[in-house]
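Below is one structure, written out as structure tokens; the observations come after it.
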Amino acid sequence: MRKSTMIAAVVGLMAGIAQAPSAQAQDFPPPKVDYIIPFGPGGESDITARFQQPFFEKIFGSQLVVSYKPGGGGAVGWSQLNSMADDGSVIMGTNLPHIIVKPKQGNVGFETEDIVNVYMFHYTPDAIVVRADSPYQTLDDLIADAKENPRKVTFSGSGKGTANHLVSVKFDQLAETETTYVAFKGTGAAVTALLGDQVSAEWGYTTVGVAQGEKVRLLAVAMEERHPAFPDVPTFRELGYDIVSGAYRGIAVPKGASEETRQAVSDAIAKINADKEFRQKMIDGGFALLDVPYGAEMDAFMADRAKSDLAAAESAGVLD
Amino acid sequence: MFEYILAAFTPLNILLALGGVAAGTIIGSVPGLTATMAVAVLVPLTFGMPPESALILLGAIYTGAIYGGAYAAILLNTPGTPSAIGTTFDGYPMAKKGDGDLAVSVACLSSLVGGLVGAGALLLLAPPLAEAALAFGPVEYFWLAIFGLSLIAALSTRDFLKGLIGACFGILVAMIGISETSAEVRFTFGSQTLLGGIETVSALIGLYCVPVLIELAARRDRHLKEPEETRGFRLPEAIRTLLREKVNVLKSSAIGTLVGALPGAGGSIAGLVAYSEARRTSRGEPAYGQGNPGGIVATESANNATVGGGFIPTLVLGIPGTPPDAVILGALLVQGVRTGPTLFSDGSSIVYTFIFGLFLATLLMLPVGLLIGRFAYRTIVRAPKAGLVPVVAFMTVIGSFAIRNSLADVGIMVVLGVVGWVANRRGFSVSPIVLGLILGRIAEEGFVQSWTIGDAMGNVWGQFFGRPLSLVIIALTLLSFLYPFFPALRQRFLRRQGKTAPDEAAQDRIPDRSDTRAMIRDFTGIGAMATVAVVVIWQAASLNPEAAVFPRTIATGMLVLCGLAALETVLTRRVVEDRSSGSALRRVSVPVSLGIGVALVPVLGFAAAGIVMAIGLMLAAEHDRRSARSWAVLALGVAAVIFAFTLGFRDLLSVPLPRGMLF
């Protein structure tokens, strides 16, 4: 995905800037757009949707109504997406690796190919987080300890078959360590376990580093380049481990939506992503922006992620 | 400090606090509309406000919703929010005896005290309490859930074994769907509907409310005893009750604050733990579970204390203490407010202004709560059955839909309601099932996590039994489990000493023997539960070890318990069951009407299907002859309520109710 993301970012930005109200944009957005989050309120999918909400309303002058359809780690919402209104009045949040890994774990009511992703707008990069008073000053300290004491270095993380879980497996392979991953229900619970000294470290996200400030230290982030909010934290790549990953979030429309509608939604999200104030807010929150528009870029991006996620999921033993 | 008080008490903030409390109370009183939802719906409104006003509004809604949950708990035996489960245990028996108005006032005063204690802790003790909460690891959450389950001993005094079996059943129901900690699809039998799991709140509505509706329709007698004359708020009586229960109210408020401050516990556990503790130390009459106001005091003070308590980790650690806090935290992030210890130490005006706003909202809850409470009480006491049953049924349907915007959840609600009714007839009370359902997930998570960590460290036993904090919770759990048996144990001890407590011992020796048919009925019930256990054990064989270990352990235990229960029936020939009289036809009509209504929703639209359902229920619940005119008035009234609810949900709360062909 590395190069394609860069290209995607550039193309997406240009598309966002260049595509002023075109012919299709007259249909989209309608006066009211339902934005369905297939998770409960308060999570990062919800928060980033809330970030988008005022900008959508400011730029397009129509209402963006955020609602929730939680259940089955998103499966309930995604399995119903294609039966919803396809005229552009309904859009739904999608998450990677969820939509790639879940359908391969059994019958969850949808296949990855059923979901028409029209834009990927950001990701929360994976990161290793330790308490500020942790003996691990660098990633090397942690790896040395893990090699000396196999299995005894414990990581909390959000869920199984999730970004956190998959990156922990990949990291063990690349660093040739054996660590223990303990799944918690959501990032909040995983952070609680870290702060409460229940585990040695956390597989978290850059957002955790922002939220917890001086109480934690990031050892490395799984990005291509350092995060602007953490200029002193190295990337895994700098340290010799080829890991760029995280929880990717985008927007999908029902399958029945016309090419015009798909493109129009894609353009609309690109336009929000291009807003300077929006970008600043997202970066301040620890998110990393991403611009993958509908079309060839999206296909390439999805193929790339699927390859990497499925391989990791296979080694993690979470596939059927 | 004083400038923050002034900042909090601006006219705008007072208005927001008042409106928030009122809206929250009303939303919370509808079963299915939880505090989380109330807060989530109003978040977009707050974007245009200054952050402290936004927080005051959200905090006020949250406070009101937690209290509003008590109305339905007391008057309909259905907790309006999960936090109010404990309120049903004594609130509904009180209402049945005609003391519903007193129960509502006691709930209001207790919520007030609990809310003030919680907000006080947030003001004075937030940073140290947040640090203390972090000492709770996966093991402690596991034991805390088990502690909550120990309440079963108290709730099933009629038949302890059946209570335990019911709790196991509840735990197994909670395992359905995609597991959070192992990502396995479990016990769905290939069904798409079950994939998302059983939604707790809709299950709760079904289990508690549907049996009430069925019994309402079955018999002629009034729902609640009507008082002879209007008695106002019965405030002096309520205040005397609270003064008598002063230790209870303070202890429960403290428990609520502490449990609320634990991220991952939440209001429902706080209320249950407080109830458990209050019951253990109570000497009063009538017993807990039969209408002792102390039970309401404990639950309601504890659950409102979780509001302030839950804000402690939310604001200090940036980790939500309860689900509504997660939504509020999100709103803060969008507003650009960074939470964390600096928020307190910098003397940031937002936090302190908000905390005084929370005090204000809590105080306003007294007049608002009493007024709305009296209205709710009068409405429900006076409503004719033929109006009450369809309206309450429609509320349960729309409420369980709104939680996940899912019609399947409504279907599950109805099915579980019937299961709950049948189970209750066979002597399996509903409350242990609900406890299992709510606490099962927390117990499993803690269990699997502790096991993983203990296994990695090579010390599983030390992980579960070697931590001081765990040992304290284990000790409390044992006390709570054994407490109901203390009188019997003491008696045995006295007997050995040669002293007998005369009359009780005599009563024990004359068991009322049941006939063979009752025994067969009992074996059928126990057999059905045993079948569930066997199916789970069989299904668990194909799961990965992490996903299988907990349900398999529970199912095996359940099977043993079923064996013991059958043995007990054989030996004692005593059958615990509910054989209350009433018309079978009317009973069956209730779930049938609900089912038809749900099936028609996609075709006719929500309101129209609701009206079809209401017609069936009106006929089922009407026991008197009515004139045509009186029928018309009643039918129009019911239809108006249904339309009002549909419009309100669709337009005010943005719930995408299916429109179908009509409306």
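Letters for chains follow the order of the structure tokens (A, B, ...), residue numbers begin at 1 for each chain, and ligand numbers begin at 1 in the order shown.
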
Problem set entry | Proximal residues of chain A relative to chain B (only C-alpha atoms; 8 Å) as a PyMOL selection string | chain A and resi 41-43+46-47+50-51+65+67-73+75-76+105-109+151-152+154+159-161+180+182-185+188-189+191-193+195-198+211-213+281+285+318

Based on the selection just made, write N, CA and C atoms of those residues as a short mmCIF file (atom, residue, chain, number, x, y, z; two decimals), in the first residue's frame.
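Saved as again.cif:
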```cif
data_model
loop_
_atom_site.label_atom_id
_atom_site.label_comp_id
_atom_site.auth_asym_id
_atom_site.auth_seq_id
_atom_site.Cartn_x
_atom_site.Cartn_y
_atom_site.Cartn_z
N PRO A 41 -21.97 4.38 20.16
CA PRO A 41 -21.44 5.73 20.25
C PRO A 41 -20.20 5.79 21.15
N GLY A 42 -19.33 6.75 20.90
CA GLY A 42 -18.19 7.00 21.78
C GLY A 42 -16.88 6.41 21.29
N GLY A 43 -16.93 5.50 20.31
CA GLY A 43 -15.69 4.91 19.77
C GLY A 43 -15.06 5.84 18.76
N ASP A 46 -17.15 6.75 15.75
CA ASP A 46 -18.14 7.77 16.07
C ASP A 46 -17.47 9.14 16.16
N ILE A 47 -16.34 9.18 16.86
CA ILE A 47 -15.69 10.47 17.08
C ILE A 47 -15.28 11.11 15.76
N ARG A 50 -18.17 12.46 13.99
CA ARG A 50 -18.57 13.73 14.60
C ARG A 50 -17.65 14.87 14.18
N PHE A 51 -16.38 14.54 13.94
CA PHE A 51 -15.47 15.54 13.41
C PHE A 51 -15.94 16.00 12.03
N VAL A 65 -26.80 13.19 9.51
CA VAL A 65 -27.34 12.62 10.75
C VAL A 65 -26.57 11.34 11.10
N SER A 67 -26.06 8.02 13.06
CA SER A 67 -26.79 7.06 13.90
C SER A 67 -25.97 5.78 14.01
N TYR A 68 -26.40 4.90 14.91
CA TYR A 68 -25.58 3.74 15.25
C TYR A 68 -26.33 2.44 15.00
N LYS A 69 -25.60 1.45 14.54
CA LYS A 69 -26.17 0.12 14.35
C LYS A 69 -25.14 -0.90 14.83
N PRO A 70 -24.93 -0.96 16.14
CA PRO A 70 -23.86 -1.82 16.64
C PRO A 70 -24.25 -3.29 16.67
N GLY A 71 -23.28 -4.15 16.82
CA GLY A 71 -23.53 -5.58 16.97
C GLY A 71 -22.55 -6.39 16.15
N GLY A 72 -22.06 -7.46 16.75
CA GLY A 72 -21.17 -8.37 16.03
C GLY A 72 -19.91 -7.70 15.52
N GLY A 73 -19.40 -6.72 16.25
CA GLY A 73 -18.19 -6.04 15.82
C GLY A 73 -18.36 -5.39 14.46
N ALA A 75 -20.59 -6.33 12.16
CA ALA A 75 -21.21 -7.22 11.17
C ALA A 75 -22.70 -6.94 10.96
N VAL A 76 -23.39 -6.55 12.05
CA VAL A 76 -24.82 -6.30 11.91
C VAL A 76 -25.09 -5.17 10.91
N GLN A 105 -14.00 -15.49 8.89
CA GLN A 105 -14.06 -16.19 10.17
C GLN A 105 -15.32 -17.01 10.32
N GLY A 106 -16.12 -17.04 9.28
CA GLY A 106 -17.39 -17.75 9.40
C GLY A 106 -18.45 -16.91 8.72
N ASN A 107 -19.68 -17.37 8.77
CA ASN A 107 -20.75 -16.64 8.09
C ASN A 107 -21.18 -15.43 8.91
N VAL A 108 -20.77 -14.24 8.47
CA VAL A 108 -21.14 -13.04 9.22
C VAL A 108 -22.15 -12.19 8.45
N GLY A 109 -22.69 -12.74 7.38
CA GLY A 109 -23.78 -12.04 6.68
C GLY A 109 -23.32 -11.11 5.59
N ARG A 151 7.15 -15.25 26.27
CA ARG A 151 5.74 -15.23 26.67
C ARG A 151 5.46 -14.31 27.84
N LYS A 152 6.48 -13.91 28.60
CA LYS A 152 6.20 -13.16 29.83
C LYS A 152 5.99 -11.67 29.60
N THR A 154 3.70 -9.10 28.36
CA THR A 154 2.28 -9.12 28.00
C THR A 154 1.85 -7.79 27.39
N GLY A 159 -9.50 -6.28 21.27
CA GLY A 159 -10.14 -7.35 20.51
C GLY A 159 -9.21 -8.36 19.86
N LYS A 160 -9.84 -9.35 19.21
CA LYS A 160 -9.10 -10.38 18.48
C LYS A 160 -9.43 -10.24 16.99
N GLY A 161 -8.45 -10.55 16.16
CA GLY A 161 -8.65 -10.40 14.72
C GLY A 161 -8.74 -8.93 14.34
N THR A 180 2.86 -12.22 24.73
CA THR A 180 1.49 -12.64 24.98
C THR A 180 0.54 -11.48 24.73
N VAL A 182 -3.18 -10.00 25.12
CA VAL A 182 -4.41 -10.18 25.90
C VAL A 182 -5.48 -9.27 25.31
N ALA A 183 -6.57 -9.86 24.83
CA ALA A 183 -7.61 -9.08 24.16
C ALA A 183 -8.53 -8.42 25.19
N PHE A 184 -8.78 -7.14 25.03
CA PHE A 184 -9.74 -6.41 25.86
C PHE A 184 -10.86 -5.91 24.98
N LYS A 185 -11.94 -5.51 25.64
CA LYS A 185 -13.08 -5.03 24.89
C LYS A 185 -12.90 -3.54 24.62
N GLY A 188 -10.37 1.61 25.29
CA GLY A 188 -10.46 2.15 26.64
C GLY A 188 -10.05 1.13 27.68
N ALA A 189 -10.56 -0.09 27.55
CA ALA A 189 -10.25 -1.14 28.52
C ALA A 189 -8.78 -1.56 28.42
N VAL A 191 -6.30 0.39 27.53
CA VAL A 191 -5.50 1.45 28.15
C VAL A 191 -5.59 1.36 29.67
N THR A 192 -6.79 1.07 30.17
CA THR A 192 -6.96 0.93 31.62
C THR A 192 -6.01 -0.13 32.16
N ALA A 193 -5.93 -1.26 31.45
CA ALA A 193 -5.06 -2.35 31.90
C ALA A 193 -3.60 -1.90 31.88
N LEU A 195 -2.43 1.32 32.18
CA LEU A 195 -2.20 2.31 33.23
C LEU A 195 -2.22 1.64 34.60
N GLY A 196 -3.01 0.59 34.75
CA GLY A 196 -3.13 -0.09 36.03
C GLY A 196 -2.04 -1.13 36.23
N ASP A 197 -1.06 -1.17 35.35
CA ASP A 197 0.08 -2.07 35.51
C ASP A 197 -0.33 -3.54 35.45
N GLN A 198 -1.39 -3.86 34.74
CA GLN A 198 -1.81 -5.25 34.61
C GLN A 198 -1.03 -5.95 33.50
N ALA A 211 -4.18 11.10 23.90
CA ALA A 211 -5.14 11.18 25.00
C ALA A 211 -4.45 11.05 26.36
N GLN A 212 -3.42 10.22 26.44
CA GLN A 212 -2.81 9.97 27.74
C GLN A 212 -1.61 10.87 28.03
N GLY A 213 -1.14 11.60 27.03
CA GLY A 213 -0.10 12.60 27.24
C GLY A 213 1.13 12.08 27.96
N LYS A 281 -7.57 19.40 13.16
CA LYS A 281 -8.29 18.77 14.26
C LYS A 281 -7.99 17.28 14.34
N GLY A 285 -5.81 15.22 17.25
CA GLY A 285 -6.42 14.09 17.96
C GLY A 285 -5.59 12.81 17.85
N VAL A 318 -6.95 -16.89 13.70
CA VAL A 318 -8.33 -16.45 13.94
C VAL A 318 -9.25 -16.73 12.75
#
```

Problem set entry | Within 10 Å of Asp578 (chain B) using only C-alpha atoms, minus same-chain residues under 4 positions, as an NGL selection string | :B and (421-429)

Output the selection as an mmCIF file, in the first residue's frame - C-alpha atoms for each residue.
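Written out: selection.cif:
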```cif
data_model
loop_
_atom_site.group_PDB
_atom_site.id
_atom_site.type_symbol
_atom_site.label_atom_id
_atom_site.label_comp_id
_atom_site.auth_asym_id
_atom_site.auth_seq_id
_atom_site.Cartn_x
_atom_site.Cartn_y
_atom_site.Cartn_z
ATOM 1 C CA TRP B 421 -42.868 -16.186 31.473
ATOM 2 C CA VAL B 422 -42.667 -19.957 31.014
ATOM 3 C CA ALA B 423 -39.527 -20.159 33.150
ATOM 4 C CA ASN B 424 -41.244 -18.206 35.893
ATOM 5 C CA ARG B 425 -44.216 -20.568 35.835
ATOM 6 C CA ARG B 426 -41.774 -23.430 36.334
ATOM 7 C CA GLY B 427 -40.179 -21.701 39.315
ATOM 8 C CA PHE B 428 -37.140 -20.147 37.616
ATOM 9 C CA SER B 429 -37.370 -16.470 38.585
#
```

Problem set entry | All residues 8 Å or closer to Arg262 (chain A), only C-alpha atoms, same chain fewer than 6 positions away omitted, as a VMD selection string | chain A and resid 88 118 253 294

Next, the residues of the selection above should be written as a PDB file, in the first residue's frame with C-alpha atoms.
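That gives us part.pdb:
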```
ATOM      1  CA  GLY A  88     -26.946   8.761  -1.715  1.00  0.00           C
ATOM      2  CA  VAL A 118     -15.999   4.952  -1.817  1.00  0.00           C
ATOM      3  CA  VAL A 253     -22.548   3.168   0.030  1.00  0.00           C
ATOM      4  CA  TYR A 294     -13.337   5.618  -5.254  1.00  0.00           C
TER       5      TYR A 294
END
```

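Taking only C-alpha atoms, the non-local environment of Phe401 (chain B) within 10 Å (same-chain residues fewer than 5 positions away omitted) comprises Gly32, Leu33, Ser202, Met395, Thr396, Ser406, Leu407, Ala408, Asp409, Val410, Gly411, Met413, Val655, Pro656 and Leu657 of chain B.
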
Filtering to N, CA and C atoms, could you give me those residues as a CSV table (one decimal), in the first residue's frame?
```
chain,number,residue,atom,x,y,z
B,32,GLY,N,-36.0,0.9,27.3
B,32,GLY,CA,-35.4,0.8,26.0
B,32,GLY,C,-34.7,2.1,25.7
B,33,LEU,N,-35.1,3.2,26.2
B,33,LEU,CA,-34.4,4.4,26.0
B,33,LEU,C,-33.4,4.6,27.1
B,202,SER,N,-32.8,-4.9,25.3
B,202,SER,CA,-34.0,-5.5,24.8
B,202,SER,C,-34.4,-6.8,25.5
B,395,MET,N,-44.6,0.7,23.8
B,395,MET,CA,-43.4,1.3,24.3
B,395,MET,C,-42.3,0.2,24.3
B,396,THR,N,-42.6,-1.0,24.7
B,396,THR,CA,-41.5,-2.0,24.7
B,396,THR,C,-41.0,-2.3,23.3
B,406,SER,N,-33.0,-2.0,15.2
B,406,SER,CA,-33.1,-3.4,14.6
B,406,SER,C,-34.4,-4.0,15.0
B,407,LEU,N,-35.1,-4.5,14.0
B,407,LEU,CA,-36.4,-5.1,14.2
B,407,LEU,C,-36.2,-6.5,14.8
B,408,ALA,N,-35.0,-7.1,14.4
B,408,ALA,CA,-34.7,-8.5,15.0
B,408,ALA,C,-34.6,-8.4,16.5
B,409,ASP,N,-34.1,-7.3,17.0
B,409,ASP,CA,-34.0,-7.2,18.5
B,409,ASP,C,-35.4,-7.2,19.1
B,410,VAL,N,-36.4,-6.6,18.4
B,410,VAL,CA,-37.8,-6.6,18.9
B,410,VAL,C,-38.3,-8.1,19.0
B,411,GLY,N,-38.0,-8.8,17.9
B,411,GLY,CA,-38.4,-10.2,17.9
B,411,GLY,C,-37.8,-11.0,19.0
B,413,MET,N,-36.8,-9.8,21.8
B,413,MET,CA,-37.4,-9.3,23.0
B,413,MET,C,-38.7,-10.1,23.3
B,655,VAL,N,-34.8,8.3,15.1
B,655,VAL,CA,-34.7,6.8,15.0
B,655,VAL,C,-35.4,6.4,13.7
B,656,PRO,N,-34.6,5.7,12.8
B,656,PRO,CA,-35.2,5.3,11.5
B,656,PRO,C,-36.3,4.2,11.6
B,657,LEU,N,-37.4,4.6,12.1
B,657,LEU,CA,-38.5,3.6,12.1
B,657,LEU,C,-39.0,3.3,10.7
```

Exercise. Looking at A:Gly77, A:Gly93, A:Pro29, A:Gly40, which one is nearest to Gln63 (chain A), with distances taken over only C-alpha atoms?
Worked result: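 Counting only C-alpha atoms, the residue closest to Gln63 (chain A) is A:Pro29.
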